[in-house]
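Asks: Sharing entry29.tsv here; it has TSV, N, CA and C atoms and all ligand atoms.
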chain	number	residue	atom	x	y	z
C	24	MET	N	15.37	45.75	51.45
C	24	MET	CA	14.46	45.37	50.37
C	24	MET	C	13.41	44.41	50.90
C	25	LYS	N	12.16	44.69	50.56
C	25	LYS	CA	11.06	43.86	51.05
C	25	LYS	C	10.51	42.98	49.93
C	26	LEU	N	10.63	41.69	50.16
C	26	LEU	CA	10.12	40.76	49.17
C	26	LEU	C	8.78	40.15	49.61
C	27	ASP	N	8.52	40.31	50.88
C	27	ASP	CA	7.28	39.76	51.41
C	27	ASP	C	6.08	40.45	50.74
C	28	PRO	N	5.27	39.69	50.00
C	28	PRO	CA	4.16	40.32	49.26
C	28	PRO	C	3.14	41.02	50.18
C	29	ILE	N	2.97	40.49	51.38
C	29	ILE	CA	2.02	41.10	52.31
C	29	ILE	C	2.53	42.47	52.77
C	30	ALA	N	3.83	42.52	53.07
C	30	ALA	CA	4.44	43.78	53.48
C	30	ALA	C	4.36	44.81	52.35
C	31	THR	N	4.61	44.36	51.13
C	31	THR	CA	4.57	45.26	49.97
C	31	THR	C	3.17	45.83	49.79
C	32	GLN	N	2.21	44.96	49.91
C	32	GLN	CA	0.82	45.40	49.79
C	32	GLN	C	0.49	46.40	50.89
C	33	SER	N	0.97	46.12	52.08
C	33	SER	CA	0.74	47.00	53.22
C	33	SER	C	1.36	48.37	53.00
C	34	ASP	N	2.58	48.40	52.41
C	34	ASP	CA	3.23	49.68	52.09
C	34	ASP	C	2.42	50.47	51.07
C	35	ARG	N	1.91	49.76	50.09
C	35	ARG	CA	1.11	50.42	49.06
C	35	ARG	C	-0.14	51.04	49.68
C	36	HIS	N	-0.77	50.28	50.57
C	36	HIS	CA	-1.94	50.80	51.27
C	36	HIS	C	-1.59	52.02	52.10
C	37	GLU	N	-0.45	51.96	52.74
C	37	GLU	CA	-0.01	53.07	53.58
C	37	GLU	C	0.19	54.34	52.75
C	38	ARG	N	0.83	54.18	51.60
C	38	ARG	CA	1.03	55.33	50.71
C	38	ARG	C	-0.30	55.88	50.19
C	39	GLN	N	-1.19	54.95	49.83
C	39	GLN	CA	-2.51	55.34	49.33
C	39	GLN	C	-3.28	56.10	50.41
C	40	LEU	N	-3.19	55.58	51.61
C	40	LEU	CA	-3.87	56.20	52.75
C	40	LEU	C	-3.36	57.62	52.97
C	41	ARG	N	-2.04	57.79	52.91
C	41	ARG	CA	-1.46	59.13	53.11
C	41	ARG	C	-1.90	60.09	52.00
C	42	ALA	N	-2.00	59.56	50.77
C	42	ALA	CA	-2.46	60.38	49.64
C	42	ALA	C	-3.90	60.83	49.87
C	43	TYR	N	-4.74	59.92	50.34
C	43	TYR	CA	-6.13	60.27	50.63
C	43	TYR	C	-6.20	61.31	51.75
C	44	GLU	N	-5.39	61.11	52.77
C	44	GLU	CA	-5.36	62.07	53.89
C	44	GLU	C	-4.94	63.45	53.42
C	45	ASP	N	-3.97	63.47	52.53
C	45	ASP	CA	-3.48	64.73	51.98
C	45	ASP	C	-4.59	65.45	51.20
C	46	THR	N	-5.27	64.69	50.35
C	46	THR	CA	-6.40	65.24	49.59
C	46	THR	C	-7.47	65.77	50.53
C	47	TYR	N	-7.74	64.98	51.56
C	47	TYR	CA	-8.80	65.35	52.52
C	47	TYR	C	-8.45	66.64	53.26
C	48	ARG	N	-7.19	66.77	53.67
C	48	ARG	CA	-6.74	67.99	54.37
C	48	ARG	C	-6.91	69.22	53.48
C	49	LYS	N	-6.57	69.06	52.20
C	49	LYS	CA	-6.71	70.19	51.28
C	49	LYS	C	-8.17	70.59	51.11
C	50	LEU	N	-9.05	69.60	51.02
C	50	LEU	CA	-10.49	69.88	50.91
C	50	LEU	C	-10.98	70.56	52.18
C	51	ALA	N	-10.54	70.05	53.33
C	51	ALA	CA	-10.96	70.62	54.61
C	51	ALA	C	-10.50	72.08	54.72
C	52	ALA	N	-9.31	72.36	54.18
C	52	ALA	CA	-8.79	73.74	54.20
C	52	ALA	C	-9.68	74.66	53.37
C	53	GLN	N	-10.26	74.11	52.29
C	53	GLN	CA	-11.17	74.91	51.46
C	53	GLN	C	-12.41	75.34	52.24
C	54	LEU	N	-12.84	74.50	53.17
C	54	LEU	CA	-14.01	74.84	53.99
C	54	LEU	C	-13.78	76.13	54.76
C	55	ALA	N	-12.56	76.29	55.26
C	55	ALA	CA	-12.24	77.48	56.06
C	55	ALA	C	-12.26	78.75	55.22
C	56	GLU	N	-12.12	78.61	53.91
C	56	GLU	CA	-12.03	79.76	53.02
C	56	GLU	C	-13.39	80.20	52.48
C	57	VAL	N	-14.42	79.40	52.72
C	57	VAL	CA	-15.71	79.64	52.05
C	57	VAL	C	-16.34	80.95	52.53
C	58	GLY	N	-16.92	81.69	51.61
C	58	GLY	CA	-17.60	82.93	51.93
C	58	GLY	C	-18.99	82.65	52.50
C	59	PHE	N	-19.75	83.72	52.71
C	59	PHE	CA	-21.10	83.58	53.24
C	59	PHE	C	-21.96	82.75	52.28
C	60	ILE	N	-22.93	82.06	52.85
C	60	ILE	CA	-23.74	81.15	52.03
C	60	ILE	C	-25.22	81.50	52.16
C	61	TRP	N	-25.98	81.08	51.14
C	61	TRP	CA	-27.41	81.40	51.07
C	61	TRP	C	-28.15	80.22	50.45
C	62	PRO	N	-29.36	79.92	50.96
C	62	PRO	CA	-30.11	78.79	50.38
C	62	PRO	C	-30.80	79.16	49.07
C	63	GLY	N	-31.34	78.16	48.41
C	63	GLY	CA	-32.20	78.39	47.25
C	63	GLY	C	-31.46	78.67	45.96
C	64	THR	N	-32.20	79.20	44.99
C	64	THR	CA	-31.65	79.51	43.68
C	64	THR	C	-32.12	80.88	43.22
C	65	VAL	N	-31.36	81.45	42.29
C	65	VAL	CA	-31.75	82.72	41.69
C	65	VAL	C	-32.11	82.44	40.23
C	66	VAL	N	-33.27	82.93	39.81
C	66	VAL	CA	-33.68	82.78	38.41
C	66	VAL	C	-33.96	84.15	37.81
C	67	ARG	N	-33.62	84.29	36.54
C	67	ARG	CA	-33.89	85.53	35.80
C	67	ARG	C	-34.98	85.25	34.80
C	68	GLN	N	-36.02	86.09	34.80
C	68	GLN	CA	-37.14	85.87	33.90
C	68	GLN	C	-37.53	87.15	33.18
C	69	ARG	N	-37.86	86.98	31.91
C	69	ARG	CA	-38.43	88.09	31.14
C	69	ARG	C	-39.92	87.77	30.97
C	70	LEU	N	-40.75	88.75	31.30
C	70	LEU	CA	-42.19	88.47	31.43
C	70	LEU	C	-43.04	89.31	30.49
C	71	THR	N	-44.25	88.79	30.24
C	71	THR	CA	-45.27	89.57	29.54
C	71	THR	C	-46.08	90.32	30.58
C	72	CYS	N	-46.66	91.43	30.17
C	72	CYS	CA	-47.44	92.24	31.11
C	72	CYS	C	-48.94	92.05	30.88
C	73	GLY	N	-49.73	92.81	31.60
C	73	GLY	CA	-51.18	92.67	31.52
C	73	GLY	C	-51.84	93.45	30.40
C	74	LYS	N	-51.05	94.30	29.72
C	74	LYS	CA	-51.62	95.11	28.64
C	74	LYS	C	-51.68	94.29	27.35
C	75	SER	N	-52.87	94.06	26.88
C	75	SER	CA	-53.04	93.14	25.74
C	75	SER	C	-52.39	93.66	24.46
C	76	ARG	N	-52.25	94.98	24.33
C	76	ARG	CA	-51.69	95.55	23.09
C	76	ARG	C	-50.17	95.69	23.14
C	77	CYS	N	-49.59	95.37	24.27
C	77	CYS	CA	-48.13	95.55	24.44
C	77	CYS	C	-47.36	94.58	23.54
C	78	ALA	N	-46.26	95.06	23.01
C	78	ALA	CA	-45.43	94.26	22.09
C	78	ALA	C	-44.85	93.01	22.75
C	79	CYS	N	-44.81	93.01	24.07
C	79	CYS	CA	-44.21	91.87	24.78
C	79	CYS	C	-44.96	90.56	24.49
C	80	HIS	N	-46.21	90.66	24.10
C	80	HIS	CA	-47.00	89.46	23.85
C	80	HIS	C	-46.65	88.80	22.51
C	81	ASP	N	-46.17	89.61	21.56
C	81	ASP	CA	-45.88	89.10	20.22
C	81	ASP	C	-44.41	88.75	20.03
C	82	ASP	N	-43.57	89.50	20.69
C	82	ASP	CA	-42.13	89.36	20.46
C	82	ASP	C	-41.42	89.02	21.77
C	83	GLU	N	-40.81	87.85	21.78
C	83	GLU	CA	-40.13	87.41	23.00
C	83	GLU	C	-38.99	88.35	23.38
C	84	GLN	N	-38.37	88.97	22.36
C	84	GLN	CA	-37.27	89.90	22.61
C	84	GLN	C	-37.76	91.17	23.32
C	85	ARG	N	-39.05	91.44	23.22
C	85	ARG	CA	-39.57	92.68	23.80
C	85	ARG	C	-40.32	92.45	25.11
C	86	ARG	N	-40.12	91.27	25.67
C	86	ARG	CA	-40.68	91.03	27.00
C	86	ARG	C	-40.00	91.94	28.02
C	87	HIS	N	-40.66	92.13	29.14
C	87	HIS	CA	-40.13	93.01	30.18
C	87	HIS	C	-39.13	92.27	31.08
C	88	GLY	N	-38.22	93.04	31.58
C	88	GLY	CA	-37.21	92.45	32.47
C	88	GLY	C	-35.83	92.50	31.87
C	89	PRO	N	-34.93	91.64	32.27
C	89	PRO	CA	-35.20	90.50	33.14
C	89	PRO	C	-35.46	90.90	34.59
C	90	TYR	N	-36.35	90.18	35.20
C	90	TYR	CA	-36.59	90.30	36.63
C	90	TYR	C	-35.87	89.15	37.31
C	91	VAL	N	-35.33	89.45	38.46
C	91	VAL	CA	-34.56	88.44	39.17
C	91	VAL	C	-35.35	87.99	40.39
C	92	TYR	N	-35.49	86.68	40.50
C	92	TYR	CA	-36.22	86.11	41.63
C	92	TYR	C	-35.32	85.15	42.39
C	93	TRP	N	-35.51	85.18	43.69
C	93	TRP	CA	-34.86	84.19	44.54
C	93	TRP	C	-35.94	83.20	44.96
C	94	THR	N	-35.64	81.92	44.82
C	94	THR	CA	-36.60	80.86	45.12
C	94	THR	C	-35.99	79.88	46.10
C	95	THR	N	-36.81	79.49	47.07
C	95	THR	CA	-36.35	78.46	48.00
C	95	THR	C	-37.55	77.69	48.53
C	96	LYS	N	-37.26	76.61	49.24
C	96	LYS	CA	-38.32	75.83	49.87
C	96	LYS	C	-38.38	76.18	51.35
C	97	VAL	N	-39.58	76.48	51.82
C	97	VAL	CA	-39.80	76.71	53.25
C	97	VAL	C	-40.87	75.73	53.71
C	98	LYS	N	-40.50	74.83	54.60
C	98	LYS	CA	-41.40	73.78	55.08
C	98	LYS	C	-42.07	73.04	53.92
C	99	GLY	N	-41.27	72.70	52.92
C	99	GLY	CA	-41.78	71.91	51.80
C	99	GLY	C	-42.49	72.72	50.72
C	100	ARG	N	-42.70	74.00	50.95
C	100	ARG	CA	-43.36	74.84	49.95
C	100	ARG	C	-42.36	75.77	49.27
C	101	THR	N	-42.54	75.93	47.96
C	101	THR	CA	-41.66	76.83	47.22
C	101	THR	C	-42.10	78.28	47.44
C	102	VAL	N	-41.18	79.09	47.88
C	102	VAL	CA	-41.45	80.51	48.01
C	102	VAL	C	-40.51	81.28	47.10
C	103	SER	N	-40.99	82.41	46.60
C	103	SER	CA	-40.25	83.18	45.62
C	103	SER	C	-40.33	84.66	45.98
C	104	ARG	N	-39.22	85.36	45.77
C	104	ARG	CA	-39.21	86.79	46.08
C	104	ARG	C	-38.40	87.52	45.01
C	105	ARG	N	-38.92	88.65	44.59
C	105	ARG	CA	-38.18	89.43	43.59
C	105	ARG	C	-37.03	90.17	44.26
C	106	LEU	N	-35.91	90.22	43.56
C	106	LEU	CA	-34.71	90.83	44.12
C	106	LEU	C	-34.35	92.11	43.37
C	107	GLY	N	-33.88	93.08	44.11
C	107	GLY	CA	-33.29	94.26	43.50
C	107	GLY	C	-31.89	93.92	43.01
C	108	PRO	N	-31.28	94.81	42.21
C	108	PRO	CA	-29.96	94.52	41.62
C	108	PRO	C	-28.87	94.19	42.65
C	109	LYS	N	-28.83	94.95	43.75
C	109	LYS	CA	-27.79	94.70	44.76
C	109	LYS	C	-28.01	93.37	45.46
C	110	GLU	N	-29.29	93.12	45.80
C	110	GLU	CA	-29.63	91.83	46.42
C	110	GLU	C	-29.28	90.67	45.49
C	111	ALA	N	-29.64	90.84	44.22
C	111	ALA	CA	-29.39	89.78	43.24
C	111	ALA	C	-27.91	89.45	43.16
C	112	GLU	N	-27.09	90.48	43.15
C	112	GLU	CA	-25.64	90.28	43.05
C	112	GLU	C	-25.10	89.54	44.27
C	113	LEU	N	-25.52	90.03	45.45
C	113	LEU	CA	-25.06	89.44	46.70
C	113	LEU	C	-25.52	87.99	46.84
C	114	ILE	N	-26.80	87.77	46.63
C	114	ILE	CA	-27.37	86.44	46.85
C	114	ILE	C	-26.85	85.44	45.81
C	115	THR	N	-26.66	85.90	44.57
C	115	THR	CA	-26.09	85.03	43.54
C	115	THR	C	-24.71	84.53	43.97
C	116	GLN	N	-23.91	85.46	44.50
C	116	GLN	CA	-22.56	85.08	44.95
C	116	GLN	C	-22.63	84.11	46.13
C	117	TRP	N	-23.50	84.39	47.07
C	117	TRP	CA	-23.59	83.54	48.26
C	117	TRP	C	-24.11	82.15	47.93
C	118	ILE	N	-25.02	82.07	46.96
C	118	ILE	CA	-25.52	80.77	46.52
C	118	ILE	C	-24.39	79.99	45.84
C	119	GLN	N	-23.59	80.72	45.06
C	119	GLN	CA	-22.42	80.10	44.43
C	119	GLN	C	-21.46	79.55	45.49
C	120	ASN	N	-21.26	80.32	46.56
C	120	ASN	CA	-20.41	79.87	47.67
C	120	ASN	C	-20.97	78.58	48.28
C	121	ARG	N	-22.30	78.56	48.45
C	121	ARG	CA	-22.93	77.38	49.06
C	121	ARG	C	-22.73	76.14	48.17
C	122	ARG	N	-22.85	76.34	46.87
C	122	ARG	CA	-22.67	75.20	45.96
C	122	ARG	C	-21.23	74.69	46.00
C	123	GLN	N	-20.30	75.62	46.13
C	123	GLN	CA	-18.90	75.24	46.25
C	123	GLN	C	-18.67	74.45	47.54
C	124	LEU	N	-19.30	74.92	48.60
C	124	LEU	CA	-19.23	74.23	49.89
C	124	LEU	C	-19.79	72.81	49.78
C	125	ASP	N	-20.96	72.70	49.14
C	125	ASP	CA	-21.60	71.38	48.95
C	125	ASP	C	-20.69	70.44	48.16
C	126	GLN	N	-20.08	71.00	47.11
C	126	GLN	CA	-19.20	70.18	46.28
C	126	GLN	C	-17.98	69.70	47.08
C	127	THR	N	-17.42	70.61	47.87
C	127	THR	CA	-16.28	70.22	48.71
C	127	THR	C	-16.68	69.12	49.68
C	128	GLN	N	-17.86	69.26	50.28
C	128	GLN	CA	-18.32	68.23	51.22
C	128	GLN	C	-18.54	66.88	50.52
C	129	ARG	N	-19.09	66.93	49.30
C	129	ARG	CA	-19.28	65.68	48.55
C	129	ARG	C	-17.94	65.01	48.28
C	130	ARG	N	-16.94	65.83	47.94
C	130	ARG	CA	-15.61	65.27	47.69
C	130	ARG	C	-15.00	64.68	48.96
C	131	MET	N	-15.25	65.37	50.09
C	131	MET	CA	-14.74	64.85	51.37
C	131	MET	C	-15.38	63.51	51.71
C	132	ARG	N	-16.68	63.41	51.44
C	132	ARG	CA	-17.37	62.14	51.69
C	132	ARG	C	-16.83	61.04	50.80
C	133	ALA	N	-16.58	61.39	49.52
C	133	ALA	CA	-16.06	60.40	48.58
C	133	ALA	C	-14.69	59.88	49.02
C	134	VAL	N	-13.83	60.81	49.47
C	134	VAL	CA	-12.50	60.40	49.96
C	134	VAL	C	-12.65	59.54	51.21
C	135	SER	N	-13.57	59.95	52.10
C	135	SER	CA	-13.81	59.18	53.33
C	135	SER	C	-14.23	57.74	53.01
C	136	GLU	N	-15.08	57.60	52.00
C	136	GLU	CA	-15.53	56.25	51.61
C	136	GLU	C	-14.37	55.40	51.10
C	137	LYS	N	-13.48	56.04	50.34
C	137	LYS	CA	-12.31	55.30	49.83
C	137	LYS	C	-11.39	54.88	50.97
C	138	VAL	N	-11.23	55.80	51.93
C	138	VAL	CA	-10.38	55.48	53.09
C	138	VAL	C	-11.01	54.34	53.90
C	139	ALA	N	-12.32	54.41	54.08
C	139	ALA	CA	-13.01	53.35	54.83
C	139	ALA	C	-12.82	52.01	54.14
C	140	ALA	N	-12.98	52.00	52.80
C	140	ALA	CA	-12.82	50.76	52.05
C	140	ALA	C	-11.41	50.21	52.22
C	141	LEU	N	-10.45	51.13	52.17
C	141	LEU	CA	-9.05	50.73	52.31
C	141	LEU	C	-8.78	50.17	53.71
C	142	LEU	N	-9.24	50.88	54.71
C	142	LEU	CA	-8.99	50.46	56.09
C	142	LEU	C	-9.70	49.15	56.42
C	143	LEU	N	-10.93	49.02	55.94
C	143	LEU	CA	-11.70	47.82	56.28
C	143	LEU	C	-11.22	46.61	55.50
C	144	ARG	N	-10.71	46.86	54.27
C	144	ARG	CA	-10.18	45.74	53.47
C	144	ARG	C	-8.91	45.19	54.09
C	145	THR	N	-8.13	46.10	54.68
C	145	THR	CA	-6.85	45.66	55.25
C	145	THR	C	-6.98	45.25	56.70
C	146	ALA	N	-8.18	45.39	57.25
C	146	ALA	CA	-8.39	44.97	58.63
C	146	ALA	C	-8.18	43.46	58.74
C	147	LYS	N	-7.69	43.05	59.89
C	147	LYS	CA	-7.45	41.62	60.10
C	147	LYS	C	-8.78	40.86	60.08
C	148	PRO	N	-8.80	39.72	59.37
C	148	PRO	CA	-10.05	38.97	59.32
C	148	PRO	C	-10.44	38.46	60.71
C	149	GLY	N	-11.71	38.26	60.92
C	149	GLY	CA	-12.20	37.72	62.18
C	149	GLY	C	-12.29	38.75	63.27
C	150	ARG	N	-12.21	40.03	62.86
C	150	ARG	CA	-12.35	41.09	63.87
C	150	ARG	C	-13.50	42.01	63.49
C	151	ALA	N	-14.64	41.41	63.38
C	151	ALA	CA	-15.82	42.20	63.07
C	151	ALA	C	-16.12	43.13	64.24
C	152	PRO	N	-16.68	44.31	63.93
C	152	PRO	CA	-17.03	45.22	65.01
C	152	PRO	C	-18.04	44.58	65.97
C	153	ALA	N	-17.88	44.87	67.23
C	153	ALA	CA	-18.79	44.33	68.24
C	153	ALA	C	-20.20	44.87	68.04
C	154	ASP	N	-21.18	44.05	68.33
C	154	ASP	CA	-22.57	44.50	68.20
C	154	ASP	C	-22.90	45.51	69.29
C	155	GLY	N	-23.78	46.45	68.90
C	155	GLY	CA	-24.27	47.44	69.88
C	155	GLY	C	-23.17	48.34	70.26
C	201	ZN	ZN	-45.77	94.31	28.04
Show me this structure written as structure tokens.
Ligand SMILES: [Zn+2]
Replies:
Amino acid sequence: MKLDPIATQSDRHERQLRAYEDTYRKLAAQLAEVGFIWPGTVVRQRLTCGKSRCACHDDEQRRHGPYVYWTTKVKGRTVSRRLGPKEAELITQWIQNRRQLDQTQRRMRAVSEKVAALLLRTAKPGRAPADG
């Protein structure tokens, strides 16, 4: 039985650390499972045409489409390309995969920050990292 409060605190930190490591391993395993990825976003738009008498101008329900566009930034400029049905399906899925990947990475960073806080808080005082 440990009555020493410092030892008890240290045990708690150890358990917490192992829990974070466990979470991190599971997130890292998700990275290995990720499918193909694609940049940018897919948008679906229903458009009006150039014919002034066409019903699409009066009734939003009668607009043409939906047309599917893929949009991304290239060297700071937004570029857009219309997609066919097969492309739209594939790219939509791959973009979804990329977002899942991004989310997993954000979670890994969040866990890393908690681990860093835990490790640095429990570090012995007076042992600052050496400069340079
Ligand atoms: Zn029209």
Asks: Do you know which residues are within 7 Å of ligand ZN 201 (chain C) using all atoms listed in the file? Can you write them as a list in words?
Replies: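 Result of the 7 Å neighbour search around ligand ZN 201 (chain C): Leu70, Thr71, Cys72, Gly73, Lys74, Arg76, Cys77, Ala78, Cys79, His80, Arg85, Arg86 and His87 of chain C.
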Asks: Hey, what's within 9 Å of segment 134-138 of chain C if we count only C-alpha atoms and toss same-chain stuff fewer than 4 positions away? As number ranges by chain, please?
Replies: C: 39-40, 43-44, 46-47, 129-130, 142-143
Asks: May I ask which of the residues C:Arg38, C:Glu110, C:Gly88, C:Trp93 is the closest one to Pro62 of chain C, counting all atoms listed in the file?
Replies: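 Residue with the minimum atom-to-atom distance to Pro62 of chain C: C:Trp93.
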Asks: Would you mind writing down, as a PyMOL selection string, each residue of segment 42-129 of chain C that DSSP on the backbone assigns to alpha helix (DSSP H)?
Replies: chain C and resi 42-56+108-129
Asks: Can you spit out the residues from that selection as a short mmCIF file (atom, residue, chain, number, x, y, z; two decimals), keeping the file's coordinate frame, using N, CA and C atoms?
Replies:
data_model
loop_
_atom_site.label_atom_id
_atom_site.label_comp_id
_atom_site.auth_asym_id
_atom_site.auth_seq_id
_atom_site.Cartn_x
_atom_site.Cartn_y
_atom_site.Cartn_z
N ALA C 42 -2.00 59.56 50.77
CA ALA C 42 -2.46 60.38 49.64
C ALA C 42 -3.90 60.83 49.87
N TYR C 43 -4.74 59.92 50.34
CA TYR C 43 -6.13 60.27 50.63
C TYR C 43 -6.20 61.31 51.75
N GLU C 44 -5.39 61.11 52.77
CA GLU C 44 -5.36 62.07 53.89
C GLU C 44 -4.94 63.45 53.42
N ASP C 45 -3.97 63.47 52.53
CA ASP C 45 -3.48 64.73 51.98
C ASP C 45 -4.59 65.45 51.20
N THR C 46 -5.27 64.69 50.35
CA THR C 46 -6.40 65.24 49.59
C THR C 46 -7.47 65.77 50.53
N TYR C 47 -7.74 64.98 51.56
CA TYR C 47 -8.80 65.35 52.52
C TYR C 47 -8.45 66.64 53.26
N ARG C 48 -7.19 66.77 53.67
CA ARG C 48 -6.74 67.99 54.37
C ARG C 48 -6.91 69.22 53.48
N LYS C 49 -6.57 69.06 52.20
CA LYS C 49 -6.71 70.19 51.28
C LYS C 49 -8.17 70.59 51.11
N LEU C 50 -9.05 69.60 51.02
CA LEU C 50 -10.49 69.88 50.91
C LEU C 50 -10.98 70.56 52.18
N ALA C 51 -10.54 70.05 53.33
CA ALA C 51 -10.96 70.62 54.61
C ALA C 51 -10.50 72.08 54.72
N ALA C 52 -9.31 72.36 54.18
CA ALA C 52 -8.79 73.74 54.20
C ALA C 52 -9.68 74.66 53.37
N GLN C 53 -10.26 74.11 52.29
CA GLN C 53 -11.17 74.91 51.46
C GLN C 53 -12.41 75.34 52.24
N LEU C 54 -12.84 74.50 53.17
CA LEU C 54 -14.01 74.84 53.99
C LEU C 54 -13.78 76.13 54.76
N ALA C 55 -12.56 76.29 55.26
CA ALA C 55 -12.24 77.48 56.06
C ALA C 55 -12.26 78.75 55.22
N GLU C 56 -12.12 78.61 53.91
CA GLU C 56 -12.03 79.76 53.02
C GLU C 56 -13.39 80.20 52.48
N PRO C 108 -31.28 94.81 42.21
CA PRO C 108 -29.96 94.52 41.62
C PRO C 108 -28.87 94.19 42.65
N LYS C 109 -28.83 94.95 43.75
CA LYS C 109 -27.79 94.70 44.76
C LYS C 109 -28.01 93.37 45.46
N GLU C 110 -29.29 93.12 45.80
CA GLU C 110 -29.63 91.83 46.42
C GLU C 110 -29.28 90.67 45.49
N ALA C 111 -29.64 90.84 44.22
CA ALA C 111 -29.39 89.78 43.24
C ALA C 111 -27.91 89.45 43.16
N GLU C 112 -27.09 90.48 43.15
CA GLU C 112 -25.64 90.28 43.05
C GLU C 112 -25.10 89.54 44.27
N LEU C 113 -25.52 90.03 45.45
CA LEU C 113 -25.06 89.44 46.70
C LEU C 113 -25.52 87.99 46.84
N ILE C 114 -26.80 87.77 46.63
CA ILE C 114 -27.37 86.44 46.85
C ILE C 114 -26.85 85.44 45.81
N THR C 115 -26.66 85.90 44.57
CA THR C 115 -26.09 85.03 43.54
C THR C 115 -24.71 84.53 43.97
N GLN C 116 -23.91 85.46 44.50
CA GLN C 116 -22.56 85.08 44.95
C GLN C 116 -22.63 84.11 46.13
N TRP C 117 -23.50 84.39 47.07
CA TRP C 117 -23.59 83.54 48.26
C TRP C 117 -24.11 82.15 47.93
N ILE C 118 -25.02 82.07 46.96
CA ILE C 118 -25.52 80.77 46.52
C ILE C 118 -24.39 79.99 45.84
N GLN C 119 -23.59 80.72 45.06
CA GLN C 119 -22.42 80.10 44.43
C GLN C 119 -21.46 79.55 45.49
N ASN C 120 -21.26 80.32 46.56
CA ASN C 120 -20.41 79.87 47.67
C ASN C 120 -20.97 78.58 48.28
N ARG C 121 -22.30 78.56 48.45
CA ARG C 121 -22.93 77.38 49.06
C ARG C 121 -22.73 76.14 48.17
N ARG C 122 -22.85 76.34 46.87
CA ARG C 122 -22.67 75.20 45.96
C ARG C 122 -21.23 74.69 46.00
N GLN C 123 -20.30 75.62 46.13
CA GLN C 123 -18.90 75.24 46.25
C GLN C 123 -18.67 74.45 47.54
N LEU C 124 -19.30 74.92 48.60
CA LEU C 124 -19.23 74.23 49.89
C LEU C 124 -19.79 72.81 49.78
N ASP C 125 -20.96 72.70 49.14
CA ASP C 125 -21.60 71.38 48.95
C ASP C 125 -20.69 70.44 48.16
N GLN C 126 -20.08 71.00 47.11
CA GLN C 126 -19.20 70.18 46.28
C GLN C 126 -17.98 69.70 47.08
N THR C 127 -17.42 70.61 47.87
CA THR C 127 -16.28 70.22 48.71
C THR C 127 -16.68 69.12 49.68
N GLN C 128 -17.86 69.26 50.28
CA GLN C 128 -18.32 68.23 51.22
C GLN C 128 -18.54 66.88 50.52
N ARG C 129 -19.09 66.93 49.30
CA ARG C 129 -19.28 65.68 48.55
C ARG C 129 -17.94 65.01 48.28
#
Asks: Residues at most 8 Å from Gly63 of chain C, counting only N, CA and C atoms, excluding those fewer than 4 positions away in the same chain, as a PyMOL selection string?
Replies: chain C and resi 93-96+118
Asks: Write the residues of the selection above to a file with N, CA and C atoms, as a tab-separated table (two decimals), in the frame of the given file.
Replies:
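That gives us part.tsv:
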chain	number	residue	atom	x	y	z
C	93	TRP	N	-35.51	85.18	43.69
C	93	TRP	CA	-34.86	84.19	44.54
C	93	TRP	C	-35.94	83.20	44.96
C	94	THR	N	-35.64	81.92	44.82
C	94	THR	CA	-36.60	80.86	45.12
C	94	THR	C	-35.99	79.88	46.10
C	95	THR	N	-36.81	79.49	47.07
C	95	THR	CA	-36.35	78.46	48.00
C	95	THR	C	-37.55	77.69	48.53
C	96	LYS	N	-37.26	76.61	49.24
C	96	LYS	CA	-38.32	75.83	49.87
C	96	LYS	C	-38.38	76.18	51.35
C	118	ILE	N	-25.02	82.07	46.96
C	118	ILE	CA	-25.52	80.77	46.52
C	118	ILE	C	-24.39	79.99	45.84
Asks: Between atom CA of Gly58 of chain C and atom CA of Pro108 of chain C, what is the distance in Å, rounded to a tenth?
Replies: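 Between atom CA of Gly58 of chain C and atom CA of Pro108 of chain C the gap is 19.8 Å.
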Asks: Grab the atom C of Val66 of chain C to atom C of Gly99 of chain C distance for me, in Å with one decimal place.
Replies: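 These atoms are spaced 19.2 Å apart.
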Asks: Please compute the atom CA of Val65 of chain C-atom CA of Gln53 of chain C distance, one decimal, in Å.
Replies: 24.1 Å
Asks: Going by DSSP on the backbone, which bits of chain C are strand (DSSP E)? Write them as a PyMOL selection string, please.
Replies: chain C and resi 64-70+87-97+100-106
